[in-house]
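What follows is a set of notes on a single structure, which appears directly below.
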Amino acid sequence: MRPGRRHELMRRLWGDRNARLYIAGQSLSTFGDSALWLALGIWTKMLTGSASAAALSLFMFTLGSLSGPVGGMIADRMRRRPLLIAANLATAVLVLLLLLVHDRNQVWLIYAVMFGYGLSAGVLGPAQTALQQTLLPEELLGEANSALQTAQWGMRLITPLLGAGMLATVGATPVIIGDVVTFLVAIAALFAVRVHEERPAPTEQHWFAEAIAGGRHIGATPALRQLTLAGVLATTAFGLSETALFAVVSKGLHRPDAFLGVLISIQGAGAIVAGITAAAILRRLKEGRLVTLGLATAASGFLLQIASSTPAVLVGSALIGSGLPWITVGIMTLLQRRTPPDLMGRADAALDLVLCTPQTVAIALGAGLLAVIDYRILLLAIACLMLAASVFLLTRPEHRDIAPERPATATTGAVP
């Protein structure tokens, strides 16, 4: 696509009132979430002196988020904007309960809040994806996903340090109040959005059949099924790499564990650059090819981390970070383009469950494998896994030329 056309699309995106409000609200909400989650883990460690207790707080969030398929069904049974307003408000009230935590005897409240946060995420994620599909014209979906990925990774670079720093200097209360404020701002942005949504028609389907309808849609759509399979291989590879990075720092580079923070920051910088360029590449290569590029880029980054050289490992970290937004933007944009609006919430929830489950298992598997094999062999296997996914997509005719057709809107519509 010629540069003038790309600039025109970006101008349209930022000139669209709904797009500005939606992206600003989501970005600020991510800011609060990222700051709070790490701070809660550190706070739990401070209160109990136990690293296991701190890890349990993150596990409780993961446990709650497994409700995603039910959340997706709720998102498709209700109008998305009122649902998002109610869910954001309920989560803000839930977070305020953390103000009652004063010593280790109230740590159970942190666990309860994190579990509730996970339940909320299971509703918010599908509803947000579905509302975005309704708010924006199809040609701006890629630009919006690219902008959201850029903002998300930019937040991840600063908010964990900000949350931990505030916790250490002024305590947990400002972090908690700050997160609540971000929910309130997101609610205000949702109230300001102009959108008309018809009430979804009642269904006579059994609740289980309705809950799995999103997954069945993905499975029945070849292009989506193929990108999802490639995504599963990618998330498995990233899961295996979580523990391997510690070995890269200690055994490969012979540096202290704190150097891992440098690698993560370099990954984040690479992801920001990739997020900025994702929409432009997407317009030229289409979704499947963008995911292919992301997989191949991340694979070469993992190969570079085999070298016992700091410059090579740093470049590899940047490449790994670059691959993530390209994979995410490609998959999410095709999902939005190829899914009917009345299925969008369930399809998003099904995709999230299918991608996150193998990653969680792979994290544990990677830790076990490092006890019996050299970390360089594991990195080689990770790179081969991602290259295999890349080659698979490269050979699929469905991704050579995807017609930009959006399923007919059954129940919703944006207000001009």
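Simple scheme: letters A, B, ... for chains in structure tokens order, numbers from 1 for residues in each chain, numbers from 1 for ligands in the order shown.
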
Interface rows for range 184-251 of chain A against range 24-41 of chain A: nearest pair, Å to one decimal, 7 Å, only C-alpha atoms, as JSON lines:
```
{"residue": "A:Val185", "atom": "CA", "partner": "A:Gly25", "partner_atom": "CA", "distance": 6.5}
{"residue": "A:Ala186", "atom": "CA", "partner": "A:Gly25", "partner_atom": "CA", "distance": 4.4}
{"residue": "A:Ala189", "atom": "CA", "partner": "A:Gly25", "partner_atom": "CA", "distance": 5.7}
```

For the selection just defined, write its residues with C-alpha atoms to a file, as an mmCIF file, in the first residue's frame.
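Output file selection.cif follows:
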```
data_model
loop_
_atom_site.group_PDB
_atom_site.id
_atom_site.type_symbol
_atom_site.label_atom_id
_atom_site.label_comp_id
_atom_site.auth_asym_id
_atom_site.auth_seq_id
_atom_site.Cartn_x
_atom_site.Cartn_y
_atom_site.Cartn_z
ATOM 1 C CA VAL A 185 -11.979 6.882 33.239
ATOM 2 C CA ALA A 186 -12.690 3.808 31.093
ATOM 3 C CA ALA A 189 -15.005 6.901 27.800
#
```

Study note, to complete from the structure: A straight line from CA of Thr395 in chain A to CA of Phe302 in chain A spans 22.7 Å

**Study point:** Selected residue of minimal separation from Val107 in chain A among A:Ala164, A:Leu56, A:Ile218, A:Met332, counting only C-alpha atoms
**Key:**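 The answer is A:Leu56, which sits nearest to Val107 in chain A.
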
Sort by chain and increasing residue number a table of all residues of range 224-330 of chain A within 7 Å of range 345-355 of chain A, each with its closest pair of atoms and their distance in Å to one decimal, counting only C-alpha atoms, and write it as JSON lines.
```
{"residue": "A:Gly231", "atom": "CA", "partner": "A:Leu355", "partner_atom": "CA", "distance": 6.5}
{"residue": "A:Val232", "atom": "CA", "partner": "A:Leu355", "partner_atom": "CA", "distance": 5.2}
{"residue": "A:Thr235", "atom": "CA", "partner": "A:Leu355", "partner_atom": "CA", "distance": 6.2}
```

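Of the listed residues (A:Leu190, A:Ala299, A:Leu378, A:Ala121), A:Leu190 comes nearest to Ile85 in chain A; the distances count only C-alpha atoms.
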